[in-house]
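Student: As input, take entry_2.txt (compact mmCIF, C-alpha atoms):
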```txt
# COMPACT_ATOMS: atom_id res chain seq x y z
CA MET A 341 300.27 175.79 338.77
CA GLY A 342 299.47 177.32 335.42
CA LYS A 343 296.74 179.79 334.52
CA ILE A 344 294.73 179.73 331.31
CA VAL A 345 294.94 183.27 329.92
CA VAL A 346 292.96 184.12 326.78
CA PHE A 347 294.22 187.03 324.67
CA GLU A 348 292.01 188.19 321.80
CA ASN A 349 292.00 191.06 319.36
CA VAL A 350 288.36 192.12 319.28
CA SER A 351 286.36 194.76 317.43
CA LEU A 352 284.18 197.20 319.33
CA ASP A 353 281.13 195.09 318.39
CA GLY A 354 282.73 191.89 319.67
CA VAL A 355 284.03 190.22 316.50
CA THR A 356 287.26 188.24 316.70
CA GLN A 357 287.30 186.67 313.23
CA ASP A 358 290.10 187.50 310.78
CA PRO A 359 291.41 190.82 312.16
CA THR A 360 294.28 190.91 309.65
CA GLY A 361 292.19 189.98 306.59
CA GLU A 362 294.46 187.03 305.80
CA GLU A 363 291.91 184.26 306.27
CA GLY A 364 289.55 185.27 303.48
CA PHE A 365 286.57 186.26 305.64
CA SER A 366 287.18 189.95 304.98
CA ALA A 367 289.74 191.84 302.95
CA ALA A 368 290.02 194.46 305.69
CA ASP A 369 292.99 194.62 308.06
CA TRP A 370 291.85 196.26 311.28
CA ARG A 371 295.33 197.69 311.75
CA ALA A 372 295.09 199.69 308.51
CA ALA A 373 292.88 202.30 310.16
CA LEU A 374 295.32 202.83 313.02
CA SER A 375 297.87 205.61 313.12
CA PRO A 376 301.52 204.53 312.89
CA ASP A 377 301.93 205.28 316.61
CA ASP A 378 298.89 203.18 317.52
CA ARG A 379 300.05 200.31 315.37
CA ALA A 380 303.48 200.41 317.00
CA ALA A 381 301.86 200.47 320.46
CA TRP A 382 299.74 197.43 319.55
CA ALA A 383 302.84 195.58 318.33
CA ARG A 384 304.59 196.32 321.64
CA LEU A 385 301.54 195.02 323.50
CA ILE A 386 301.69 191.73 321.57
CA HIS A 387 305.43 191.48 322.11
CA ASP A 388 305.15 192.00 325.88
CA ASP A 389 302.26 189.54 326.11
CA VAL A 390 304.19 186.82 324.29
CA LEU A 391 307.18 187.26 326.57
CA ASP A 392 304.95 186.79 329.64
CA ALA A 393 303.58 183.43 328.39
CA GLN A 394 305.13 180.12 329.34
CA ALA A 395 303.18 177.97 326.86
CA LEU A 396 300.62 178.24 324.07
CA LEU A 397 297.27 176.44 323.95
CA LEU A 398 295.64 176.62 320.52
CA GLY A 399 292.88 175.19 318.39
CA ARG A 400 293.95 173.41 315.22
CA ARG A 401 293.17 176.18 312.73
CA SER A 402 294.90 178.87 314.78
CA TYR A 403 297.84 176.53 315.33
CA GLU A 404 298.19 175.99 311.58
CA TYR A 405 297.97 179.75 310.96
CA PHE A 406 300.82 180.48 313.37
CA ALA A 407 302.85 177.43 312.34
CA ALA A 408 302.80 178.57 308.71
CA ARG A 409 304.30 181.95 309.60
CA TYR A 410 306.43 182.06 312.74
CA PRO A 411 309.12 179.50 311.89
CA ARG A 412 310.20 181.84 309.06
CA ARG A 413 310.23 184.97 311.21
CA THR A 414 313.05 186.43 313.29
CA GLY A 415 313.21 188.72 316.29
CA ALA A 416 312.38 188.42 319.97
CA THR A 417 308.64 187.84 319.50
CA ALA A 418 309.20 185.12 316.90
CA ASP A 419 311.95 183.52 318.95
CA ARG A 420 309.61 183.28 321.92
CA MET A 421 306.71 181.90 319.88
CA ASN A 422 308.95 179.34 318.20
CA GLY A 423 310.73 178.25 321.35
CA MET A 424 308.01 177.90 323.96
CA PRO A 425 305.95 174.70 324.44
CA LYS A 426 302.85 174.56 322.27
CA TYR A 427 299.73 172.47 322.89
CA VAL A 428 297.14 172.08 320.15
CA VAL A 429 293.69 170.62 320.74
CA SER A 430 292.73 168.48 317.76
CA ALA A 431 291.24 165.13 316.90
CA THR A 432 292.78 165.11 313.41
CA LEU A 433 296.29 166.61 313.64
CA SER A 434 298.75 163.74 313.84
CA ASP A 435 302.20 165.05 312.88
CA PRO A 436 302.71 168.69 313.91
CA GLU A 437 305.79 170.23 312.31
CA TRP A 438 306.18 173.32 314.48
CA ASN A 439 308.84 172.49 317.04
CA ASN A 440 307.97 171.75 320.66
CA THR A 441 304.33 170.91 319.89
CA THR A 442 302.11 168.41 321.72
CA VAL A 443 298.67 167.38 320.43
CA LEU A 444 295.94 167.12 323.08
CA ARG A 445 293.17 164.59 322.47
CA GLY A 446 290.35 163.26 324.59
CA ASP A 447 288.37 164.98 327.31
CA LEU A 448 289.03 168.73 327.29
CA THR A 449 288.64 169.25 331.04
CA GLU A 450 290.99 166.38 331.83
CA GLN A 451 293.63 167.42 329.32
CA VAL A 452 293.66 171.11 330.24
CA SER A 453 293.58 170.36 333.96
CA LYS A 454 296.68 168.19 333.53
CA LEU A 455 298.31 170.94 331.50
CA ARG A 456 297.73 173.46 334.29
CA TYR A 457 299.78 171.24 336.62
CA LEU A 458 302.55 170.74 334.07
CA VAL A 459 303.10 174.44 333.30
CA ASP A 460 304.21 176.92 335.94
CA GLY A 461 302.96 180.29 334.70
CA GLU A 462 300.59 181.62 332.09
CA ILE A 463 299.28 179.32 329.37
CA ARG A 464 298.27 181.63 326.56
CA VAL A 465 295.36 181.08 324.18
CA TYR A 466 295.60 183.17 321.00
CA ALA A 467 293.07 183.57 318.18
CA SER A 468 291.22 180.33 318.88
CA THR A 469 287.61 181.47 319.23
CA GLU A 470 285.94 178.07 319.09
CA LEU A 471 288.40 176.70 321.63
CA VAL A 472 287.78 179.74 323.85
CA HIS A 473 284.03 179.08 323.69
CA ALA A 474 284.65 175.54 324.91
CA LEU A 475 287.09 176.62 327.63
CA LEU A 476 284.65 179.24 328.92
CA ALA A 477 281.73 176.83 328.83
CA SER A 478 283.67 174.29 330.85
CA GLY A 479 285.00 176.83 333.36
CA LEU A 480 288.66 176.52 332.42
CA VAL A 481 289.56 180.16 331.70
CA ASP A 482 291.29 182.13 334.46
CA VAL A 483 291.89 185.47 332.74
CA LEU A 484 290.55 187.29 329.66
CA ARG A 485 292.70 189.94 328.00
CA LEU A 486 291.12 191.92 325.19
CA ALA A 487 292.79 194.33 322.79
CA VAL A 488 289.76 196.34 321.64
CA PHE A 489 290.10 197.89 318.19
CA PRO A 490 288.11 201.04 317.32
CA VAL A 491 286.29 199.36 314.42
CA LEU A 492 282.74 198.08 313.86
CA VAL A 493 282.80 194.91 311.75
CA GLY A 494 279.13 193.94 311.78
CA ALA A 495 279.52 190.21 311.11
CA GLY A 496 281.81 187.33 311.96
CA SER A 497 282.58 185.01 314.84
CA ARG A 498 282.36 186.66 318.23
CA LEU A 499 284.14 185.90 321.47
CA PHE A 500 280.80 185.75 323.31
CA GLU A 501 278.27 184.07 321.06
CA HIS A 502 274.58 184.12 321.93
CA GLY A 503 272.28 181.16 321.57
CA ASP A 504 273.10 177.68 320.27
CA ASP A 505 274.50 176.77 323.69
CA ALA A 506 277.70 178.68 322.96
CA LEU A 507 277.91 179.68 326.62
CA PRO A 508 275.96 178.49 329.67
CA VAL A 509 272.72 180.41 330.29
CA THR A 510 273.71 181.21 333.88
CA PRO A 511 275.54 184.59 333.95
CA ARG A 512 279.26 184.27 334.59
CA PRO A 513 280.66 187.12 336.70
CA LEU A 514 283.91 188.78 335.60
CA ARG A 515 286.14 191.09 337.62
CA LEU A 516 287.90 193.97 335.89
CA THR A 517 291.53 193.89 336.98
CA GLY A 518 293.17 196.15 334.42
CA ILE A 519 292.37 198.79 331.83
CA ARG A 520 294.79 200.93 329.89
CA PRO A 521 294.96 202.73 326.57
CA VAL A 522 297.14 201.33 323.81
CA GLY A 523 298.24 204.30 321.79
CA ALA A 524 295.41 206.78 321.24
CA GLY A 525 292.82 204.44 319.74
CA LEU A 526 292.90 200.99 321.36
CA ALA A 527 292.03 199.76 324.83
CA HIS A 528 293.52 196.80 326.68
CA LEU A 529 291.08 195.22 329.13
CA THR A 530 291.88 192.45 331.62
CA TYR A 531 289.22 190.43 333.44
CA ALA A 532 289.49 187.68 336.00
CA VAL A 533 286.95 184.94 335.29
CA ALA A 534 284.95 183.32 338.07
CA ARG A 535 285.19 179.55 337.92
CA ALA A 536 282.06 177.64 336.92
CA SER A 537 280.61 175.02 339.23
CA SER A 538 281.31 171.41 338.34
CA ALA A 539 277.70 171.00 337.19
CA GLU A 540 278.00 174.00 334.86
CA SER A 541 281.32 172.69 333.57
CA ASP A 542 279.87 169.29 332.74
CA ARG A 543 276.83 170.80 331.05
CA GLY A 544 278.89 173.31 329.08
CA LEU A 545 281.33 170.65 327.95
CA ARG A 546 278.55 168.38 326.71
CA CYS A 547 276.74 171.22 324.94
CA ARG A 548 279.64 172.85 323.20
CA TRP A 549 282.92 170.99 323.11
CA ARG A 550 281.74 167.56 322.01
CA ARG A 551 279.64 169.12 319.25
CA VAL A 552 282.02 171.77 317.92
CA ALA A 553 285.64 171.71 318.92
CA PHE A 554 286.47 168.11 318.15
CA ARG A 555 285.61 168.67 314.52
CA SER A 556 289.11 170.14 314.26
```
What does this structure look like when you write it as structure tokens?

Tutor:
Amino acid sequence: MGKIVVFENVSLDGVTQDPTGEEGFSAADWRAALSPDDRAAWARLIHDDVLDAQALLLGRRSYEYFAARYPRRTGATADRMNGMPKYVVSATLSDPEWNNTTVLRGDLTEQVSKLRYLVDGEIRVYASTELVHALLASGLVDVLRLAVFPVLVGAGSRLFEHGDDALPVTPRPLRLTGIRPVGAGLAHLTYAVARASSAESDRGLRCRWRRVAFRS
């Protein structure tokens, strides 16, 4: 049975939006402030993480970002990204061009629960903050992995939004299962996520997913 594992690059103040500066939110690339050794260590972290994944689960915008880049790239990381099964949650994407892609439509809990039984291993969620909000709200995330960059961004979408029903009000306990430095400046944190009750899942799904994620 598969596990839903979220991996996010996150600033020290919790921002996940546009860490490379390619999306137009900010011209800053968080990696620019890193030493060459730290940047190489971060790249190795990403490479190892990709090799551990058995499938990708993405929101539409993140899917389109990766699909516009990885088919043209070479190397072990690109080969893994291009070859593994990819699942994109979208109500509007009809003809995905990136190979080995399946579009998921309909009820999020139902679709992701089926996916967990189809995939044996880790189902990786990359750079899909709105999707992660919905997965957390509906109790579908098993593991959070955070690459914490030593930068303060100040504004932008955050992994854990406050208010506007982004996450259920009831505190969700996490269990720290791993912490290690990445180079001299970054930290890699791993948390196991306690599953929400079915009532919390239903409430979170109604509050967040129906209203936000299916706009994609």

Student: As an exercise, work out the distance from CA of Arg498 (chain A) to CA of Tyr405 (chain A) in Å and give it to one decimal place.

Tutor: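 A separation of 18.6 Å between them.
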
Student: Calculate how many Å separate CA of Arg409 (chain A) from CA of Val428 (chain A), rounding to one decimal.

Tutor: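 Distance between the two atoms: 16.1 Å.
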
Student: Report the distance between CA of Ser430 (chain A) and CA of Ser453 (chain A) in Å, rounded to one decimal place.

Tutor: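 Between these atoms lies a distance of 16.3 Å.
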
Student: Applying 10 Å and all atoms listed in the file, which residues near Val443 (chain A) remain after dropping the ones on its own chain fewer than 6 positions away? List them as a list in words.

Tutor: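 Skipping anything fewer than 6 positions along the chain leaves Leu397, Leu398, Gly399, Arg400, Lys426, Tyr427, Val428, Val429, Ser430, Ala431, Thr432, Leu433, Ser434, Asp435 and Pro436 of chain A.
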
Student: Looking at A:Asn422, A:Ser468, A:Thr414, A:Thr517, which one is nearest to Val533 (chain A), with distances taken over all atoms listed in the file?

Tutor: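 Between A:Asn422, A:Ser468, A:Thr414, A:Thr517, the residue approaching Val533 (chain A) most closely is A:Thr517.
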
Student: Need to verify the contact set: Trp370 (chain A), 12 Å, all atoms listed in the file, exclusion of same-chain residues closer than 5 positions in sequence. Can you return it as a list in words?

Tutor: Asn349, Val350, Ser351, Leu352, Val355, Thr356, Gln357, Asp358, Pro359, Thr360, Gly361, Glu362, Ser375, Asp378, Arg379, Trp382, Ala487, Val488, Phe489, Pro490, Val491, Leu492, Val493, Gly525 and Leu526 of chain A

Student: Could you tell me which of A:Asp419, A:Asp482, A:Asp447, A:Asp460 comes closest to Val390 (chain A) if we count all atoms listed in the file?

Tutor: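 Using all atoms listed in the file, the shortest distance to Val390 (chain A) belongs to A:Asp419.
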
Student: I'd like the contact shell of Ala407 (chain A) - 10 Å cut-off, all atoms listed in the file, skipping same-chain residues fewer than 6 positions apart - returned as a ChimeraX atom specification.

Tutor: /A:401,421-422,436-439
